[in-house]
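Novice: Sharing a structure, written as C-alpha cells. Questions coming.
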Amino acid sequence: MTFVKKYRIGTRGSPLALAQAEETRTRLLEAHKDALDPAQLEIVIIKTTGDQIQDRALREVGGKGLFVKEIEEALLSNKIDFAVHSMKDMETRLPSGLVIDCILPREDARDAFISATGKSLAELPAGALVGTSSLRRQAQVLNRRPDLRVGIFRGSVQTRLRKLAEGQAAATMLALAGLKRLGNEGVITELLNVEDMLPAVAQGAIGIERREADEEVATLLAPINDSVSQSRISCERAMLEVLDGSCHTPIAGYAELVDGNSLNLQASLLAEDGSIRLDAGGRGDIADAVKLGQDIGHNLKNQARGANMSFGL
Ligand SMILES: NCc1[nH]cc(CCC(=O)O)c1CC(=O)O
C-alpha cells in the first residue's frame with residue numbers, strides 16, 4: 001500500500017514525549033520505506049493540563065487523565081491522526097471511538113535509583129529522604145526500608161535531576177526507559193531489579209492511539225506493532241483494570257515472556273506507608289494474556305479484602 005495523505009502525530013511537548021514521537025516516526029518511515037515520504041509525518045505538540053501543573057501532587061488535581069485528555073480530544077475532533085503515549089500514563093479505559101492496538105517493542109521496564117551521594121538504596125543512611133511522587137515507588141521503598149523518608153518530587157526528568165543536584169532529596173527513582181530515551185543513563189546509581197522494585201503497569205511501553213474507524217491509520221501502524229509487547233501490556237492492564245477502584249492505591253505489575261509462548265505476571269498491592277504488601281503471581285499462555293491479568297487482579301482484590309484493608313477497592 002502507498003500512502004498519499006499527510007498524517008499528524010499528536011504528542012505532549014516534554015522532551016521525553018517528543019523523543020517517543022520521534023521514535024514512532026522513525027519506525028514508521030523504516031517500515032514503509034518506499035510507501036511513505038518523511039514530509040507525510042508531522043509531529044503536532046499538544047499542551048495538556050498536566051503539563052501546566054508543576055508543583056502539586058498529580059493525584060490531588062485529577063490523576064493520569066490530565067496528561068491525555070486534550071490529546072484524545074484532538075483525536076476525536078480530527079486535529080491529529082494518531083497519538084503517541086507512555087502506556088504507563090494511560091487509564092485502563094479509553095473514550096469510545098478510540099483504540100490502542102499498536103505497542104512498540106517495549107524498553108527495559110525497570111526503575112533506576114539515582115542518589116546524589118552515589119549510595120545504593122540498601123546503603124542510604126536511616127532518615128534519608130527519597131523524593132518521588134509515585135505512590136508505588138514510595139510504598140515499595142518504605143516496605144523495604146521503613147527507616148527512610150519519602151517525599152513528593154515532581155516535574156520532568158530534567159527538573160527532578162536538578163532538584164536532586166540541589167540537595168532537595170538524597171535520592172530519587174526514575175524509569176530506566178525514560179532515561180535511555182533521553183540519553184541520560186549516565187546519572188543512574190543502581191538499576192533496581194523487579195524483585196526489589198516491581199515496575200508500574202506498562203512501564204517502558206509506548207502505545208499509539210487512533211480513531212477506531214480510521215482503517216487507513218490502522219494499516220499504517222500495523223507493521224510497527226510488537227505483538228509480544230502488546231500481550232504483556234494487555235496482561236498488566238487487565239490486572240490493573242480489575243483493581244482500578246482508586247488511583248490512590250500503590251499497584252505494581254510486570255508480565256514477561258517465558259519459554260517463548262507463556263507470560264509470567266507478577267503483581268503487588270501495597271499500603272501507602274509500605275506497612276503491608278500483598279503479592280500475586282501466575283503463568284498462562286500468551287494467547288490468554290487478558291485472562292491471566294484478570295485472574296491475578298481478582299486474587300489481589302480478594303487478598304486485600306481478606307486483609308481488611310480498604311485499598312480504595
Ligand atoms: N509518569 C511519568 C512517566 N511516564 C512514563 C515515564 C517513563 C517512560 C516509560 O515508563 O515508558 C515517566 C517518567 C518516569 O516514571 O520516570
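Chain labels run A, B, ... following the order of the C-alpha cells; each chain numbers its residues from 1, and ligands are numbered from 1 in the order shown.
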Determine, counting only C-alpha atoms, which protein, DNA and RNA residues have an atom within 8 Å of an atom of segment 214-222 of chain A; residues of the same chain fewer than 6 positions away are not included. Present the result as a list in words.

Specialist: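 Once the nearby chain positions are removed, what remains is Leu28, Asp81, Phe82 and Cys102 of chain A.
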
Novice: Distance table requested - chain A against ligand 1, cut-off 8 Å, only C-alpha atoms and all ligand atoms: one row per qualifying residue with the closest atom pair and its distance in Å to one decimal, ordered by chain and rising residue number, as JSON lines.

Specialist:
```
{"residue": "A:Leu16", "atom": "CA", "partner": "ligand 1", "partner_atom_place_in_ligand_line": "8 (C)", "distance": 7.5}
{"residue": "A:Ser86", "atom": "CA", "partner": "ligand 1", "partner_atom_place_in_ligand_line": "11 (O)", "distance": 4.9}
{"residue": "A:Met87", "atom": "CA", "partner": "ligand 1", "partner_atom_place_in_ligand_line": "11 (O)", "distance": 6.7}
{"residue": "A:Lys88", "atom": "CA", "partner": "ligand 1", "partner_atom_place_in_ligand_line": "4 (N)", "distance": 5.7}
{"residue": "A:Asp89", "atom": "CA", "partner": "ligand 1", "partner_atom_place_in_ligand_line": "4 (N)", "distance": 5.5}
{"residue": "A:Glu107", "atom": "CA", "partner": "ligand 1", "partner_atom_place_in_ligand_line": "11 (O)", "distance": 7.3}
{"residue": "A:Ala109", "atom": "CA", "partner": "ligand 1", "partner_atom_place_in_ligand_line": "10 (O)", "distance": 6.8}
{"residue": "A:Asp111", "atom": "CA", "partner": "ligand 1", "partner_atom_place_in_ligand_line": "16 (O)", "distance": 7.5}
{"residue": "A:Ser134", "atom": "CA", "partner": "ligand 1", "partner_atom_place_in_ligand_line": "1 (N)", "distance": 7.8}
{"residue": "A:Ser156", "atom": "CA", "partner": "ligand 1", "partner_atom_place_in_ligand_line": "13 (C)", "distance": 7.5}
{"residue": "A:Val157", "atom": "CA", "partner": "ligand 1", "partner_atom_place_in_ligand_line": "13 (C)", "distance": 6.6}
{"residue": "A:Met173", "atom": "CA", "partner": "ligand 1", "partner_atom_place_in_ligand_line": "16 (O)", "distance": 6.9}
{"residue": "A:Leu174", "atom": "CA", "partner": "ligand 1", "partner_atom_place_in_ligand_line": "16 (O)", "distance": 3.5}
{"residue": "A:Ala175", "atom": "CA", "partner": "ligand 1", "partner_atom_place_in_ligand_line": "16 (O)", "distance": 3.8}
{"residue": "A:Leu176", "atom": "CA", "partner": "ligand 1", "partner_atom_place_in_ligand_line": "16 (O)", "distance": 7.0}
{"residue": "A:Ala177", "atom": "CA", "partner": "ligand 1", "partner_atom_place_in_ligand_line": "8 (C)", "distance": 5.0}
{"residue": "A:Gly178", "atom": "CA", "partner": "ligand 1", "partner_atom_place_in_ligand_line": "8 (C)", "distance": 4.1}
{"residue": "A:Leu179", "atom": "CA", "partner": "ligand 1", "partner_atom_place_in_ligand_line": "16 (O)", "distance": 7.3}
{"residue": "A:Ala200", "atom": "CA", "partner": "ligand 1", "partner_atom_place_in_ligand_line": "10 (O)", "distance": 7.8}
{"residue": "A:Ala202", "atom": "CA", "partner": "ligand 1", "partner_atom_place_in_ligand_line": "10 (O)", "distance": 7.0}
{"residue": "A:Gln203", "atom": "CA", "partner": "ligand 1", "partner_atom_place_in_ligand_line": "10 (O)", "distance": 3.7}
{"residue": "A:Gly204", "atom": "CA", "partner": "ligand 1", "partner_atom_place_in_ligand_line": "11 (O)", "distance": 3.2}
{"residue": "A:Ala205", "atom": "CA", "partner": "ligand 1", "partner_atom_place_in_ligand_line": "11 (O)", "distance": 4.8}
{"residue": "A:Ile206", "atom": "CA", "partner": "ligand 1", "partner_atom_place_in_ligand_line": "11 (O)", "distance": 6.1}
```

Novice: Return the single residue from A:Ala169, A:Met1, A:Thr92, A:Arg181 that is closest to Ala19 of chain A, with distances computed using only C-alpha atoms.

Specialist: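 Once distances to Ala19 of chain A are computed over only C-alpha atoms, the minimum belongs to A:Arg181.
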
Novice: To one decimal place, how far is atom CA of Gly281 of chain A from atom CA of Ser120 of chain A in Å?

Specialist: 27.3 Å

Novice: Could you please write out, as a PyMOL selection string, every residue of segment 179-295 of chain A that DSSP assigns to alpha helix (DSSP H)?

Specialist: chain A and resi 179-181+215-221+227-243+289-295

Novice: Output N, CA and C atoms of each residue in that selection to a file, as a compact mmCIF listing (two decimals), in the first residue's frame.

Specialist:
```txt
# COMPACT_ATOMS: atom_id res chain seq x y z
N LEU A 179 14.99 7.47 30.90
CA LEU A 179 16.38 7.94 30.94
C LEU A 179 17.12 7.53 29.68
N LYS A 180 16.86 6.30 29.23
CA LYS A 180 17.50 5.82 27.99
C LYS A 180 17.08 6.66 26.80
N ARG A 181 15.78 6.92 26.71
CA ARG A 181 15.28 7.67 25.55
C ARG A 181 15.81 9.09 25.53
N GLU A 215 -9.37 3.12 9.28
CA GLU A 215 -8.72 1.89 8.81
C GLU A 215 -7.37 2.19 8.15
N GLU A 216 -7.26 3.37 7.54
CA GLU A 216 -6.01 3.72 6.87
C GLU A 216 -4.89 3.86 7.89
N VAL A 217 -5.19 4.54 9.01
CA VAL A 217 -4.18 4.66 10.06
C VAL A 217 -3.87 3.29 10.68
N ALA A 218 -4.89 2.44 10.79
CA ALA A 218 -4.66 1.09 11.30
C ALA A 218 -3.64 0.36 10.42
N THR A 219 -3.79 0.49 9.11
CA THR A 219 -2.88 -0.15 8.16
C THR A 219 -1.47 0.44 8.27
N LEU A 220 -1.43 1.76 8.45
CA LEU A 220 -0.14 2.44 8.60
C LEU A 220 0.62 1.93 9.82
N LEU A 221 -0.11 1.74 10.94
CA LEU A 221 0.53 1.40 12.22
C LEU A 221 0.83 -0.09 12.37
N SER A 227 3.94 -7.73 18.83
CA SER A 227 2.83 -8.49 19.42
C SER A 227 3.15 -9.02 20.82
N VAL A 228 4.41 -9.34 21.08
CA VAL A 228 4.73 -9.81 22.44
C VAL A 228 4.58 -8.66 23.44
N SER A 229 5.10 -7.48 23.09
CA SER A 229 4.94 -6.32 23.97
C SER A 229 3.46 -6.02 24.18
N GLN A 230 2.70 -6.12 23.11
CA GLN A 230 1.25 -5.85 23.18
C GLN A 230 0.57 -6.81 24.17
N SER A 231 0.93 -8.09 24.12
CA SER A 231 0.32 -9.07 25.04
C SER A 231 0.74 -8.80 26.48
N ARG A 232 2.00 -8.46 26.69
CA ARG A 232 2.47 -8.17 28.06
C ARG A 232 1.69 -6.99 28.64
N ILE A 233 1.50 -5.95 27.82
CA ILE A 233 0.79 -4.75 28.27
C ILE A 233 -0.69 -5.06 28.50
N SER A 234 -1.29 -5.86 27.62
CA SER A 234 -2.70 -6.25 27.80
C SER A 234 -2.88 -7.00 29.11
N CYS A 235 -1.94 -7.88 29.41
CA CYS A 235 -2.00 -8.68 30.63
C CYS A 235 -1.92 -7.77 31.86
N GLU A 236 -0.93 -6.89 31.89
CA GLU A 236 -0.75 -5.99 33.04
C GLU A 236 -1.94 -5.05 33.19
N ARG A 237 -2.43 -4.52 32.09
CA ARG A 237 -3.55 -3.57 32.18
C ARG A 237 -4.86 -4.26 32.56
N ALA A 238 -5.01 -5.53 32.19
CA ALA A 238 -6.21 -6.27 32.61
C ALA A 238 -6.18 -6.44 34.13
N MET A 239 -5.01 -6.69 34.68
CA MET A 239 -4.85 -6.80 36.14
C MET A 239 -5.24 -5.47 36.78
N LEU A 240 -4.70 -4.38 36.24
CA LEU A 240 -4.95 -3.05 36.80
C LEU A 240 -6.43 -2.69 36.74
N GLU A 241 -7.07 -3.07 35.64
CA GLU A 241 -8.48 -2.71 35.46
C GLU A 241 -9.36 -3.34 36.55
N VAL A 242 -9.03 -4.58 36.91
CA VAL A 242 -9.79 -5.24 37.98
C VAL A 242 -9.63 -4.49 39.30
N LEU A 243 -8.45 -3.91 39.52
CA LEU A 243 -8.15 -3.25 40.80
C LEU A 243 -8.39 -1.75 40.78
N ALA A 289 -3.58 -13.71 27.62
CA ALA A 289 -2.94 -12.66 28.42
C ALA A 289 -3.93 -11.90 29.29
N VAL A 290 -5.08 -11.56 28.73
CA VAL A 290 -6.07 -10.77 29.46
C VAL A 290 -6.64 -11.59 30.63
N LYS A 291 -6.92 -12.86 30.37
CA LYS A 291 -7.46 -13.76 31.41
C LYS A 291 -6.46 -13.87 32.57
N LEU A 292 -5.19 -14.03 32.26
CA LEU A 292 -4.17 -14.11 33.32
C LEU A 292 -4.17 -12.83 34.15
N GLY A 293 -4.20 -11.70 33.48
CA GLY A 293 -4.22 -10.42 34.20
C GLY A 293 -5.43 -10.29 35.11
N GLN A 294 -6.59 -10.67 34.59
CA GLN A 294 -7.83 -10.57 35.39
C GLN A 294 -7.77 -11.51 36.60
N ASP A 295 -7.26 -12.75 36.39
CA ASP A 295 -7.17 -13.70 37.50
C ASP A 295 -6.29 -13.15 38.62
```

Novice: Could you tell me how far atom CA of Gly297 of chain A lies from atom CA of Ala252 of chain A, in Å and to one decimal?

Specialist: 10.9 Å

Novice: So which residues touch Pro15 of chain A within 12 Å, counting only C-alpha atoms, skipping near sequence neighbours fewer than 2 positions away, as a count of residues only?

Specialist: 22
